[in-house]
Each structure stands twice: as C-alpha cells, then as structure tokens.
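Peer 1: Attaching a single structure in structure tokens format; questions to follow.
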Amino acid sequence: MESNLQLVGAVDQGTSSTRFLVFNAKTAELLCYHQVEVEQLFPNEGWVEEDPMEILRTVYECIDATTSNLTQMKISTKCIKAIGITNQRETTVIWDKHTGKPLHNAIVWCDNRTQSTVEQLVAKTPNKSQDYLKKYCGLPISTYFSAVKIRWLLDNVPEVREAVNDGTALFGTVDTWLIWNMTGGASNGGQHVTDITNASRTMLCNIRSQEWDEELLKFFEIPMSVLPEIKSSAEHYGYMTESSLQGVSLCGCLGDQQAALVGQTCFSPGDAKNTYGTGCFLLQNTGKNPVMSRHGLLTTVAYKLGKDEPTYYALEGSIAVTGGLVRWLRDNLGIIKESSDIEDLARTVPGSGDVVFVPAFSGLYAPYWRSDARGTVCGITQWTTKAHIAYAALEAVCFQTREIIEAMQQDACDLEDDKAKMKRLQVDGGMTANHLLMQLQADILGCTVLRPSMPETTALGAAMAAGKACGIWSLDPGDLTSVTFERFEPTTFDERRFQKWKLAVQKSMGWHYGDNLESHQTEAENVS
C-alpha cells in the first residue's frame with residue numbers, strides 16, 4: 001500500500017451538498033472524493049433552513065466514504081497530512097456549548113425572513129441608510145449577513161435568547177460549527193474559532209482591524225461572548241477527534257468564494273473569478289488595502305494565508321439565485337428531470353423568444369440590494385415554451401454577472417485603475433459544465449471566459465491553505481502546478497437583449513413591501 005505520498009483533504013460544505021476531496025500536495029491532482037446532498041427546509045415563504053446535525057453527519061459520511069475509496073486505491077489514509085475546510089458563508093448556527101445541540105436550524109445565507117429586522121436596523125442609523133455600517137465592515141445592512149440573522153434569532157426564539165443571556169450559547173458560521181465538533185465538541189474541548197474570510201461576512205468584524213468591532217456589536221446588541229476567535233486562513237486550529245482521520249490537523253479554512261479565488265490562484269491585484277453555484281459570486285483581488293465600492297459591491301477579506309502573512313482584500317458581487325434557479329425549474333415546475341437537462345432543453349430553441357427571467361426569489365443582491373424585488377418573467381406570449389424559459393434562465397445568470405462586472409469596472413475607473421477593462425474571466429462551479437451557459441457568458445460580456453480543466457477549485461483552495469499551513473504545499477508562483485483552461489471566445493450579441501434585462505429588473509422591484517406599502521410604492525416609482 002502506497003504510504004509515501006503527501007495528501008491533503010478538503011471538506012467542501014456547500015448550500016446543496018457536502019463533499020470531501022483528497023488532493024496530491026505536489027501536483028494538485030484530485031485523487032478521489034465523495035458527495036452527499038444536504039436537504040434544504042422551507043418552513044415558510046422566503047425561509048431557508050438546514051439541520052446543523054445533518055450537515056455534520058454528511059461531513060463524516062463523506063470523509064469515511066472517501067478514505068474507504070482511497071484504501072481501495074491502495075493508498076494509506078496516513079498519507080493525509082492535513083485537512084482544510086471551505087463552507088457556505090453567512091449561514092448562521094447557534095448551539096449550546098454544554099450539550100452541543102443546535103438551538104435552532106441553521107438559517108441559510110439566502111433566507112429573507114429578516115426583512116423587517118433589516119428595516120428596523122436601517123431606521124436606527126443616523127442617516128437612515130442601508131450603507132451606514134460599510135465604513136466599519138464593508139457590507140450593507142441586508143438579510144444576507146449573519147449579524148442580522150443572529151438579531152432575528154434573539155428577537156424571535158426564546159430558547160436562543162435565554163441561552164445567550166445564560167452564557168451557554170455559541171454562534172458560528174458553518175466553518176465554526178464544523179471545526180468545533182470535529183476538534184472535540186462539547187465533550188472534548190472543541191475549538192471555537194473561525195477564519196478571517198468567514199468573520200468578514202458577519203457584519204460584526206472590522207474590515208481593517210480584522211477583529212470583532214465593539215461599535216458593531218453595540219449596534220446589533222450581540223454579546224462578544226457568543227463569538228468565535230478569529231484566526232488566519234492557514235494555521236493549526238485543532239486535531240480531528242473522530243472519523244477515520246482522527247489525529248489529522250485541521251489547519252485551513254476559507255469561505256467558499258474566497259477558497260475559489262485561492263484555488264484559481266488569483267493572487268495578484270486585478271485577478272478575478274466567478275463561481276457559478278446555488279448563487280453566483282464574482283470576486284476581484286484588490287490587494288492589501290480594502291476598497292470601498294461606490295457601485296453596489298461588497299468589500300471583503302480575500303485571504304490571509306498564515307498568522308504572519310499579509311491580508312488581501314477583494315471586491316465582491318453577490319448574486320442570490322443562479323444554480324438555484326435551475327433547481328427551481330426542476331423541483332417546482334418540473335420542466336426538467338435533472339439539472340443537467342437544462343442545456344439540452346435550451347438548445348432546442350435559437351433564443352429566449354424575447355422572454356426575460358429575473359430570478360429575484362429572495363430579492364436582488366449586488367449591485368441593487370433591493371430586498372423588495374421578487375422573481376419576474378417578462379415577454380411571455382402564446383408561443384412561449386418551456387425551452388424559451390430554460391434559455392431565459394441561462395441568460396439571467398449571464399446578465400447578472402455582466403452587471404457585477406460593470407460595477408467593478410466603474411469602481412476601478414473611480415480609482416483610475418488601469419485594470420478597469422476586464423479582458424478575461426476565470427470561472428468555476430457546477431454550472432460551468434454547461435457549454436451553452438459558458439458561451440452565452442462570453443457573448444454577453446464580450447470577453448474570453450476561461451474554464452479550468454480541474455473544476456474543483458473551491459475545495460482545491462481549502463486544500464492549498466491547509467497544505468501551506470503544514471508546510472507541504474508551496475504557493476510560490478513558480479511552484480504552482482499549471483492548470484489548463486478551455487476558452488470560450490465571444491461571438492455576436494444583440495445589446496437590445498441587455499437593455500430588456502435592465503427594464504425587467506426595474507419591473508421586479510417593489511413587489512414585497514412588508515409592513516410599509518406606501519414607502520415601497522414610492523421607492524419603486526422612483527426607480528423608473
């Protein structure tokens with residue numbers, strides 16, 4: 001049995017599934033992996049939850065299945081020297097530190113139950129602005145981020161409120177929940193930590209000091225005692241205490257989109273990648289200083305690959321619904337049996353037939369940040385078929401990405417940055433297997449789209465961080481294994497399609513008005 005290899009494992013815990021993957025630290029080759037779907041729960045309209053215990057179980061199931069596969073390949077599990085974690089960000093878990101039991105289901109990042117909480121928080125700001133806290137944390141007050149979800153739990157779940165008051169509650173995003181359990185949990189000294197990339201998505205972390213911010217904690221009325229310790233993205237957090245990898249160091253951690261940035265080796269300012277998953281997330285490395293967007297983008301930490309290494313920042317455009325739209329067409333409308341069927345269906349027509357689909361199921365994220373928007377389909381005629389709907393769904397992913405890139409270019413122009421014009425876009429994520437989608441993206445952007453030959457760049461980024469932390473993976477540019485790309489070059493595109501998209505976006509706004517119909521009607525009228 002082979003025992004001389006140096007391997008790194010990566011837990012990739014996403015919104016819709018969990019995976020464990022094993023990479024060769026010298027070549028970055030993916031050796032084997034196992035994947036398990038995670039059930040999403042929808043207890044009320046707009047609510048999205050997951051069971052934290054199921055998330056944990058799927059991680060252990062994937063680890064055990066992958067190591068079993070490794071053994072069948074005649075490779076010893078002792079070759080795995082380190083484990084990295086990458087995770088769905090912002091998703092909020094609160095649990096009892098004595099029993100280890102969750103006090104509520106995890107509230108998923110795209111859940112929008114907190115709209116009234118957002119309105120109350122915005123009303124507290126001196127200028128009644130959604131952007132008031134951006135100077136501290138780089139983020140707008142939105143249903144998206146963890147602090148707003150914690151505030152909702154404190155206001156609406158007595159068990160959570162009592163546990164926080166009693167000092168028995170712990171908060172974490174999914175990375176923290178996993179690390180705490182995998183390093184011992186309640187019975188064996190689990191480590192209550194997070195990394196700086198995940199901390200930067202909570203609205204509680206100061207983007208410059210990279211520490212929990214007293215002003216932000218005071219604003220949200222959240223006690224410091226529930227928060228994990230902030231660490232870098234590449235250092236030892238603790239040892240595995242269970243599963244077939246007991247005793248292996250957990251030493252890498254990045255939020256999923258930052259992990260993809262690392263996995264795509266976007267280490268230079270100006271480098272950008274777009275991940276097509278449940279949502280769509282475009283990150284551009286901005287170097288060692290945070291850049292505050294004036295065009296609806298988020299300022300976030302890109303990575304800090306070691307305790308003594310510098311912190312790099314990024315601008316991010318977040319889109320709530322992309323792959324989730326395909327899943328909705330499959331599960332809710334039943335127009336496809338498998339998600340992969342959407343490409344074949346869309347190819348049966350030459351275009352969308354003037355149909356425009358704005359998938360604002362939980363509002364619009366960047367660059368609009370309009371939680372009152374809702375899903376809208378425009379341009380339907382009696383000749384519209386399910387194939388036109390499928391084609392419009394793929395176009396919607398591409399149109400949303402274009403709006404993010406245009407906002408990034410505007411921010412770059414404001415800074416007189418010579419990288420304002422994007423000539424190519426590196427992509428990853430499950431949806432990139434769709435050839436039609438990638439060609440549409442190149443056409444709509446008017447630039448080259450590069451799809452890597454090894455698509456698992458998110459997990460690769462977590463493995464790279466863990467491998468660097470334990471000294472077996474070099475991130476020096478000259479040592480990085482060359483990854484080949486498939487190129488999608490732009491062809492012709494009718495710009496009138498994009499103008500119709502912009503018109504449809506306007507029509508999607510003002511549909512959900514919460515408790516204040518009059519103000520939302522006025523706001524919607526002002527858009528046009």
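Chain lettering (A, B, ...) mirrors the order of the structure tokens, residue numbering begins at 1 for each chain separately, and ligand numbering begins at 1 in order of display.
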Would you kindly return, as a list in words, each protein, DNA or RNA residue with an atom no farther than 6 Å from any atom of stretch 87-98 of chain A, considering only C-alpha atoms and excluding same-chain residues fewer than 5 positions away?
Peer 2: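 Final neighbour list, sorted by chain and number: Asp12, Gln13, Gly14, Thr15, Leu103, Ala106, Ile107, Val108, Trp109, Phe145, Ser146, Thr168, Ala169, Leu170, Phe171, Gly172, Thr173, Asp175, Ala186, Arg201, Gly255 and Asp256 of chain A.
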Peer 1: Just N, CA and C atoms for this one: save the residues we selected as a compact mmCIF listing (two decimals), in the first residue's frame.
Peer 2:
```txt
# COMPACT_ATOMS: atom_id res chain seq x y z
N ASP A 12 -15.72 20.36 1.67
CA ASP A 12 -16.41 21.41 0.91
C ASP A 12 -17.88 21.33 1.28
N GLN A 13 -18.29 22.15 2.26
CA GLN A 13 -19.67 22.10 2.74
C GLN A 13 -20.44 23.25 2.10
N GLY A 14 -21.23 22.93 1.08
CA GLY A 14 -21.96 23.95 0.34
C GLY A 14 -23.43 23.99 0.70
N THR A 15 -24.16 24.84 0.02
CA THR A 15 -25.58 25.03 0.31
C THR A 15 -26.40 23.78 -0.01
N LEU A 103 -29.66 25.17 18.83
CA LEU A 103 -30.83 25.78 19.45
C LEU A 103 -31.88 26.17 18.41
N ALA A 106 -30.08 25.87 11.20
CA ALA A 106 -29.22 26.87 10.58
C ALA A 106 -30.07 27.73 9.64
N ILE A 107 -29.91 29.06 9.75
CA ILE A 107 -30.58 29.97 8.83
C ILE A 107 -29.61 30.22 7.68
N VAL A 108 -30.02 29.82 6.48
CA VAL A 108 -29.14 29.82 5.32
C VAL A 108 -28.97 31.24 4.78
N TRP A 109 -27.85 31.48 4.15
CA TRP A 109 -27.48 32.81 3.68
C TRP A 109 -28.56 33.48 2.83
N PHE A 145 -26.52 38.80 5.65
CA PHE A 145 -25.37 38.63 6.54
C PHE A 145 -25.76 38.11 7.94
N SER A 146 -24.77 37.51 8.61
CA SER A 146 -25.02 36.73 9.82
C SER A 146 -25.57 37.56 10.97
N THR A 168 -24.55 30.32 27.76
CA THR A 168 -24.32 28.94 27.29
C THR A 168 -24.38 28.82 25.77
N ALA A 169 -24.65 29.91 25.07
CA ALA A 169 -24.81 29.85 23.62
C ALA A 169 -23.50 30.16 22.91
N LEU A 170 -23.28 29.48 21.81
CA LEU A 170 -22.17 29.77 20.92
C LEU A 170 -22.72 30.03 19.52
N PHE A 171 -22.14 31.00 18.84
CA PHE A 171 -22.50 31.30 17.46
C PHE A 171 -21.38 30.88 16.53
N GLY A 172 -21.77 30.47 15.35
CA GLY A 172 -20.76 30.23 14.32
C GLY A 172 -21.39 30.15 12.95
N THR A 173 -20.62 30.52 11.93
CA THR A 173 -20.98 30.15 10.58
C THR A 173 -20.62 28.67 10.42
N ASP A 175 -18.34 26.91 9.06
CA ASP A 175 -16.96 26.52 9.36
C ASP A 175 -16.73 26.35 10.85
N ALA A 186 -18.55 19.34 22.60
CA ALA A 186 -18.84 19.64 24.00
C ALA A 186 -18.06 18.75 24.96
N ARG A 201 -17.78 38.24 6.83
CA ARG A 201 -19.12 38.17 6.24
C ARG A 201 -20.23 38.24 7.28
N GLY A 255 -13.98 30.80 3.49
CA GLY A 255 -15.31 30.82 2.92
C GLY A 255 -15.26 30.36 1.48
N ASP A 256 -16.34 29.77 1.00
CA ASP A 256 -16.26 29.08 -0.30
C ASP A 256 -15.82 29.97 -1.45
```
Peer 1: Give the alpha helix (DSSP H) residues of stretch 253-416 of chain A, as DSSP finds them on the backbone, and put them as a ChimeraX atom specification.
Peer 2: /A:256-263,323-328,341-346,386-414
Peer 1: Extract, using only C-alpha atoms, all DNA, RNA and protein residues at most 10 Å from A:Leu30, discarding same-chain residues fewer than 2 positions from it, and format them as a list of chain:residue names.
Peer 2: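 Answer for this query is A:Leu7, A:Val8, A:Gly9, A:Leu21, A:Val22, A:Phe23, A:Asn24, A:Ala25, A:Thr27, A:Ala28, A:Cys32, A:Tyr33, A:Met454, A:Glu456, A:Ala459, A:Leu460.
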Peer 1: Kindly save the residues from that selection, with N, CA and C atoms included, as a compact mmCIF listing (two decimals), in the first residue's frame.
Peer 2:
```txt
# COMPACT_ATOMS: atom_id res chain seq x y z
N LEU A 7 -0.66 13.96 0.99
CA LEU A 7 -2.00 14.31 0.55
C LEU A 7 -2.65 15.30 1.51
N VAL A 8 -3.60 16.05 0.98
CA VAL A 8 -4.38 16.99 1.79
C VAL A 8 -5.85 16.77 1.49
N GLY A 9 -6.65 16.69 2.55
CA GLY A 9 -8.09 16.54 2.40
C GLY A 9 -8.78 17.89 2.49
N LEU A 21 -12.79 15.79 -0.43
CA LEU A 21 -11.91 15.53 -1.57
C LEU A 21 -10.48 15.39 -1.10
N VAL A 22 -9.70 14.58 -1.78
CA VAL A 22 -8.30 14.37 -1.43
C VAL A 22 -7.43 14.76 -2.61
N PHE A 23 -6.44 15.64 -2.34
CA PHE A 23 -5.54 16.14 -3.37
C PHE A 23 -4.10 15.74 -3.08
N ASN A 24 -3.33 15.58 -4.14
CA ASN A 24 -1.88 15.39 -4.03
C ASN A 24 -1.26 16.77 -3.84
N ALA A 25 -0.52 16.95 -2.73
CA ALA A 25 0.02 18.27 -2.40
C ALA A 25 1.11 18.72 -3.37
N THR A 27 1.24 17.82 -6.84
CA THR A 27 0.75 18.02 -8.21
C THR A 27 -0.62 18.69 -8.28
N ALA A 28 -1.31 18.83 -7.15
CA ALA A 28 -2.69 19.35 -7.08
C ALA A 28 -3.69 18.42 -7.75
N CYS A 32 -9.57 11.40 -5.24
CA CYS A 32 -10.90 10.82 -5.07
C CYS A 32 -11.75 11.75 -4.22
N TYR A 33 -13.07 11.52 -4.26
CA TYR A 33 -13.97 12.33 -3.44
C TYR A 33 -15.29 11.59 -3.27
N MET A 454 -9.60 21.37 -14.21
CA MET A 454 -9.93 20.76 -12.92
C MET A 454 -10.96 21.67 -12.25
N GLU A 456 -12.75 21.57 -9.53
CA GLU A 456 -12.95 21.63 -8.08
C GLU A 456 -12.05 22.68 -7.42
N ALA A 459 -12.68 23.53 -3.39
CA ALA A 459 -12.04 22.58 -2.49
C ALA A 459 -10.52 22.66 -2.60
N LEU A 460 -10.02 22.87 -3.82
CA LEU A 460 -8.58 23.00 -4.02
C LEU A 460 -8.02 24.16 -3.20
```
Peer 1: Set the distance at 12 Å and use only C-alpha atoms: which residues neighbour A:Thr71 once local chain neighbours fewer than 4 positions away are removed? I'd like the list as an MDAnalysis selection string.
Peer 2: chainID A and resid 1:3 31:32 64:67 75:80 244
Peer 1: With N, CA and C atoms retained, write the just-selected residues as an mmCIF file, in the first residue's frame.
Peer 2:
```cif
data_model
loop_
_atom_site.group_PDB
_atom_site.id
_atom_site.type_symbol
_atom_site.label_atom_id
_atom_site.label_comp_id
_atom_site.auth_asym_id
_atom_site.auth_seq_id
_atom_site.Cartn_x
_atom_site.Cartn_y
_atom_site.Cartn_z
ATOM 1 N N MET A 1 0.850 -1.202 0.000
ATOM 2 C CA MET A 1 0.000 0.000 0.000
ATOM 3 C C MET A 1 0.877 1.241 0.000
ATOM 4 N N GLU A 2 0.556 2.204 -0.880
ATOM 5 C CA GLU A 2 1.336 3.433 -1.013
ATOM 6 C C GLU A 2 1.239 4.260 0.263
ATOM 7 N N SER A 3 2.395 4.627 0.834
ATOM 8 C CA SER A 3 2.379 5.395 2.083
ATOM 9 C C SER A 3 3.337 6.583 2.051
ATOM 10 N N LEU A 31 -7.476 13.042 -6.307
ATOM 11 C CA LEU A 31 -7.389 11.582 -6.310
ATOM 12 C C LEU A 31 -8.756 10.919 -6.168
ATOM 13 N N CYS A 32 -9.568 11.397 -5.243
ATOM 14 C CA CYS A 32 -10.899 10.819 -5.068
ATOM 15 C C CYS A 32 -11.753 11.754 -4.220
ATOM 16 N N ASP A 64 -15.546 9.338 5.584
ATOM 17 C CA ASP A 64 -15.396 7.883 5.679
ATOM 18 C C ASP A 64 -15.479 7.214 4.307
ATOM 19 N N ALA A 65 -16.394 7.687 3.453
ATOM 20 C CA ALA A 65 -16.528 7.089 2.112
ATOM 21 C C ALA A 65 -15.294 7.380 1.260
ATOM 22 N N THR A 66 -14.762 8.590 1.364
ATOM 23 C CA THR A 66 -13.588 8.952 0.566
ATOM 24 C C THR A 66 -12.356 8.185 1.016
ATOM 25 N N THR A 67 -12.157 8.070 2.321
ATOM 26 C CA THR A 67 -10.988 7.323 2.807
ATOM 27 C C THR A 67 -11.107 5.845 2.470
ATOM 28 N N ILE A 75 -3.880 3.231 -1.335
ATOM 29 C CA ILE A 75 -3.198 4.390 -0.761
ATOM 30 C C ILE A 75 -3.589 4.492 0.706
ATOM 31 N N SER A 76 -2.602 4.573 1.588
ATOM 32 C CA SER A 76 -2.856 4.625 3.020
ATOM 33 C C SER A 76 -3.460 5.974 3.408
ATOM 34 N N THR A 77 -4.430 5.928 4.324
ATOM 35 C CA THR A 77 -5.024 7.181 4.815
ATOM 36 C C THR A 77 -4.015 7.986 5.635
ATOM 37 N N LYS A 78 -2.926 7.341 6.059
ATOM 38 C CA LYS A 78 -1.882 8.055 6.796
ATOM 39 C C LYS A 78 -1.166 9.067 5.903
ATOM 40 N N CYS A 79 -1.365 8.955 4.608
ATOM 41 C CA CYS A 79 -0.777 9.933 3.678
ATOM 42 C C CYS A 79 -1.456 11.298 3.789
ATOM 43 N N ILE A 80 -2.683 11.338 4.347
ATOM 44 C CA ILE A 80 -3.390 12.615 4.506
ATOM 45 C C ILE A 80 -2.789 13.345 5.702
ATOM 46 N N SER A 244 -12.323 8.361 10.466
ATOM 47 C CA SER A 244 -11.152 7.585 10.065
ATOM 48 C C SER A 244 -9.890 8.429 9.985
#
```
Peer 1: Pick out the residues sitting within 9 Å of stretch 322-330 of chain A, and hand them over as a short mmCIF file (atom, residue, chain, number, x, y, z; two decimals) with all heavy atoms, in the first residue's frame; count only C-alpha atoms, and ignore anything fewer than 6 positions along from it in its own chain.
Peer 2:
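File produced: selection-v7.cif:
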```
data_model
loop_
_atom_site.label_atom_id
_atom_site.label_comp_id
_atom_site.auth_asym_id
_atom_site.auth_seq_id
_atom_site.Cartn_x
_atom_site.Cartn_y
_atom_site.Cartn_z
N TYR A 276 -20.08 29.75 -10.19
CA TYR A 276 -21.48 29.51 -10.54
C TYR A 276 -21.98 28.32 -9.73
O TYR A 276 -21.74 27.17 -10.08
CB TYR A 276 -21.61 29.21 -12.02
CG TYR A 276 -21.15 30.32 -12.95
CD1 TYR A 276 -19.80 30.58 -13.15
CD2 TYR A 276 -22.07 31.11 -13.62
CE1 TYR A 276 -19.37 31.58 -13.99
CE2 TYR A 276 -21.66 32.12 -14.48
CZ TYR A 276 -20.31 32.36 -14.66
OH TYR A 276 -19.88 33.35 -15.50
N GLY A 277 -22.65 28.62 -8.62
CA GLY A 277 -23.21 27.56 -7.78
C GLY A 277 -24.69 27.82 -7.55
O GLY A 277 -25.41 28.23 -8.46
N THR A 278 -25.15 27.60 -6.32
CA THR A 278 -26.53 27.95 -5.98
C THR A 278 -26.78 29.42 -6.27
O THR A 278 -27.79 29.80 -6.84
CB THR A 278 -26.81 27.64 -4.49
OG1 THR A 278 -26.56 26.25 -4.25
CG2 THR A 278 -28.24 27.98 -4.13
N GLY A 279 -25.83 30.24 -5.83
CA GLY A 279 -25.77 31.64 -6.23
C GLY A 279 -24.55 31.84 -7.12
O GLY A 279 -23.88 30.88 -7.50
N CYS A 280 -24.26 33.08 -7.42
CA CYS A 280 -23.11 33.40 -8.27
C CYS A 280 -22.30 34.47 -7.56
O CYS A 280 -22.87 35.45 -7.07
CB CYS A 280 -23.60 33.90 -9.62
SG CYS A 280 -22.48 33.56 -10.98
N ILE A 336 -37.71 20.06 -16.18
CA ILE A 336 -36.57 19.19 -16.43
C ILE A 336 -36.52 18.14 -15.32
O ILE A 336 -36.99 18.37 -14.21
CB ILE A 336 -35.23 19.97 -16.49
CG1 ILE A 336 -35.07 20.88 -15.26
CG2 ILE A 336 -35.11 20.77 -17.78
CD1 ILE A 336 -33.74 21.60 -15.19
N LYS A 337 -35.94 16.98 -15.65
CA LYS A 337 -35.84 15.92 -14.64
C LYS A 337 -34.55 16.02 -13.84
O LYS A 337 -34.52 15.72 -12.65
CB LYS A 337 -35.93 14.55 -15.32
CG LYS A 337 -37.31 14.24 -15.89
CD LYS A 337 -37.36 12.83 -16.48
CE LYS A 337 -38.75 12.50 -17.00
NZ LYS A 337 -38.82 11.14 -17.60
N GLU A 338 -33.47 16.39 -14.52
CA GLU A 338 -32.17 16.58 -13.88
C GLU A 338 -31.68 17.99 -14.20
O GLU A 338 -31.98 18.53 -15.27
CB GLU A 338 -31.14 15.56 -14.38
CG GLU A 338 -31.54 14.11 -14.17
CD GLU A 338 -31.56 13.71 -12.71
OE1 GLU A 338 -30.90 14.39 -11.90
OE2 GLU A 338 -32.25 12.72 -12.38
N SER A 339 -30.90 18.57 -13.29
CA SER A 339 -30.40 19.92 -13.52
C SER A 339 -29.62 20.02 -14.82
O SER A 339 -29.68 21.03 -15.53
CB SER A 339 -29.54 20.37 -12.34
OG SER A 339 -30.31 20.49 -11.16
N SER A 340 -28.90 18.96 -15.14
CA SER A 340 -28.07 18.97 -16.35
C SER A 340 -28.91 18.99 -17.64
O SER A 340 -28.39 19.30 -18.72
CB SER A 340 -27.14 17.75 -16.37
OG SER A 340 -27.88 16.55 -16.28
N ILE A 342 -31.06 21.09 -18.51
CA ILE A 342 -31.45 22.43 -18.96
C ILE A 342 -30.71 22.82 -20.23
O ILE A 342 -31.26 23.52 -21.09
CB ILE A 342 -31.24 23.48 -17.85
CG1 ILE A 342 -31.91 24.80 -18.26
CG2 ILE A 342 -29.77 23.67 -17.52
CD1 ILE A 342 -32.00 25.81 -17.15
N PRO A 359 -34.64 36.27 -11.66
CA PRO A 359 -34.88 35.31 -10.57
C PRO A 359 -34.65 35.91 -9.18
O PRO A 359 -33.85 35.42 -8.39
CB PRO A 359 -33.87 34.21 -10.87
CG PRO A 359 -32.72 34.93 -11.49
CD PRO A 359 -33.32 36.07 -12.28
N PHE A 361 -35.84 35.69 -6.32
CA PHE A 361 -36.66 34.92 -5.38
C PHE A 361 -36.53 35.45 -3.95
O PHE A 361 -37.47 35.38 -3.16
CB PHE A 361 -36.27 33.44 -5.41
CG PHE A 361 -36.55 32.76 -6.72
CD1 PHE A 361 -35.92 31.57 -7.04
CD2 PHE A 361 -37.43 33.30 -7.64
CE1 PHE A 361 -36.17 30.93 -8.24
CE2 PHE A 361 -37.69 32.68 -8.85
CZ PHE A 361 -37.05 31.48 -9.14
N ALA A 390 -36.24 28.03 -20.23
CA ALA A 390 -34.92 27.49 -19.89
C ALA A 390 -33.80 28.37 -20.44
O ALA A 390 -32.81 28.66 -19.75
CB ALA A 390 -34.78 26.07 -20.43
N ALA A 393 -33.55 31.50 -18.47
CA ALA A 393 -32.92 31.26 -17.17
C ALA A 393 -31.40 31.30 -17.28
O ALA A 393 -30.71 31.87 -16.43
CB ALA A 393 -33.38 29.91 -16.62
N LEU A 394 -30.85 30.69 -18.33
CA LEU A 394 -29.40 30.73 -18.53
C LEU A 394 -28.93 32.15 -18.83
O LEU A 394 -27.90 32.60 -18.32
CB LEU A 394 -29.00 29.79 -19.67
CG LEU A 394 -29.28 28.31 -19.45
CD1 LEU A 394 -28.80 27.49 -20.65
CD2 LEU A 394 -28.60 27.80 -18.17
N ALA A 396 -30.29 34.81 -17.72
CA ALA A 396 -30.38 35.58 -16.47
C ALA A 396 -29.09 35.47 -15.66
O ALA A 396 -28.64 36.45 -15.06
CB ALA A 396 -31.57 35.08 -15.64
N VAL A 397 -28.49 34.28 -15.63
CA VAL A 397 -27.22 34.09 -14.94
C VAL A 397 -26.16 35.01 -15.55
O VAL A 397 -25.40 35.69 -14.84
CB VAL A 397 -26.76 32.62 -15.03
CG1 VAL A 397 -25.39 32.44 -14.41
CG2 VAL A 397 -27.79 31.71 -14.34
N GLN A 400 -26.82 38.91 -14.97
CA GLN A 400 -26.49 39.32 -13.61
C GLN A 400 -24.97 39.44 -13.45
O GLN A 400 -24.48 40.37 -12.81
CB GLN A 400 -27.06 38.31 -12.61
CG GLN A 400 -28.57 38.35 -12.51
CD GLN A 400 -29.11 37.32 -11.54
OE1 GLN A 400 -29.43 37.63 -10.39
NE2 GLN A 400 -29.21 36.08 -11.99
N GLY A 430 -20.33 24.29 -10.33
CA GLY A 430 -21.05 23.22 -11.01
C GLY A 430 -21.68 23.63 -12.33
O GLY A 430 -21.72 22.85 -13.28
N MET A 431 -22.18 24.86 -12.41
CA MET A 431 -22.87 25.28 -13.63
C MET A 431 -21.93 25.45 -14.82
O MET A 431 -22.39 25.52 -15.97
CB MET A 431 -23.62 26.59 -13.39
CG MET A 431 -24.83 26.48 -12.50
SD MET A 431 -25.83 28.00 -12.54
CE MET A 431 -26.68 27.78 -14.11
#
```
Peer 1: Calculated over only C-alpha atoms, which of the candidates A:Pro158, A:Gly429, A:Gly510, A:Gly353 has the smallest distance to A:Pro455?
Peer 2: A:Gly429
Peer 1: Hey, what's within 9 Å of A:Ala10 if we count only C-alpha atoms and toss same-chain stuff fewer than 4 positions away? As a PyMOL selection string, please?
Peer 2: chain A and resi 19-23+82-86+252+459-463+466
Peer 1: At a cut-off of 8 Å, using only C-alpha atoms, what residues contact A:Ser142? Leave out same-chain residues fewer than 2 positions from it and give the result as a PyMOL selection string.
Peer 2: chain A and resi 115+118+130+140+144-145+148+369+371
Peer 1: Determine the nearest neighbour of A:Val59 from the options A:Ile179, A:Trp511, A:Gly46, A:Gln210, counting only C-alpha atoms.
Peer 2: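 Among A:Ile179, A:Trp511, A:Gly46, A:Gln210, it is A:Ile179 that comes nearest to A:Val59.
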Peer 1: So that I can check the secondary structure, give me every residue of stretch 327-422 of chain A assigned strand (DSSP E) by backbone DSSP, as a PyMOL selection string.
Peer 2: chain A and resi 356-358+376-378
Peer 1: For N, CA and C atoms, I'd like the residues from the last selection saved as a PDB file, in the first residue's frame.
Peer 2:
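again.pdb was written with the following content:
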```
ATOM      1  N   VAL A 356     -37.660  37.367 -20.736  1.00  0.00           N
ATOM      2  CA  VAL A 356     -36.619  37.752 -19.783  1.00  0.00           C
ATOM      3  C   VAL A 356     -37.054  37.280 -18.407  1.00  0.00           C
ATOM      4  N   PHE A 357     -36.168  36.568 -17.727  1.00  0.00           N
ATOM      5  CA  PHE A 357     -36.458  35.969 -16.417  1.00  0.00           C
ATOM      6  C   PHE A 357     -35.544  36.623 -15.386  1.00  0.00           C
ATOM      7  N   VAL A 358     -36.133  37.351 -14.431  1.00  0.00           N
ATOM      8  CA  VAL A 358     -35.368  37.947 -13.327  1.00  0.00           C
ATOM      9  C   VAL A 358     -35.612  37.092 -12.081  1.00  0.00           C
ATOM     10  N   THR A 376     -39.513  37.661 -11.554  1.00  0.00           N
ATOM     11  CA  THR A 376     -40.364  38.255 -12.578  1.00  0.00           C
ATOM     12  C   THR A 376     -40.018  37.650 -13.937  1.00  0.00           C
ATOM     13  N   VAL A 377     -41.037  37.266 -14.701  1.00  0.00           N
ATOM     14  CA  VAL A 377     -40.840  36.795 -16.071  1.00  0.00           C
ATOM     15  C   VAL A 377     -41.595  37.734 -16.994  1.00  0.00           C
ATOM     16  N   CYS A 378     -40.870  38.353 -17.915  1.00  0.00           N
ATOM     17  CA  CYS A 378     -41.474  39.309 -18.846  1.00  0.00           C
ATOM     18  C   CYS A 378     -41.383  38.772 -20.286  1.00  0.00           C
TER      19      CYS A 378
END
```
Peer 1: Return the single residue from A:Asn206, A:Ser318, A:Pro223, A:Asp155 that is closest to A:Gly167, with distances computed using only C-alpha atoms.
Peer 2: A:Pro223
Peer 1: Measuring between only C-alpha atoms, which one of A:Leu450, A:Met203, A:Ile472, A:Met509 shows the shortest distance to A:Gln264?
Peer 2: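 With only C-alpha atoms as the atom set, the closest residue is A:Leu450.
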Peer 1: One decimal, in Å: what's the spacing between atom CA of A:Tyr368 and atom CA of A:Leu283?
Peer 2: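 Atom CA of A:Leu283 lies 16.8 Å from atom CA of A:Tyr368.
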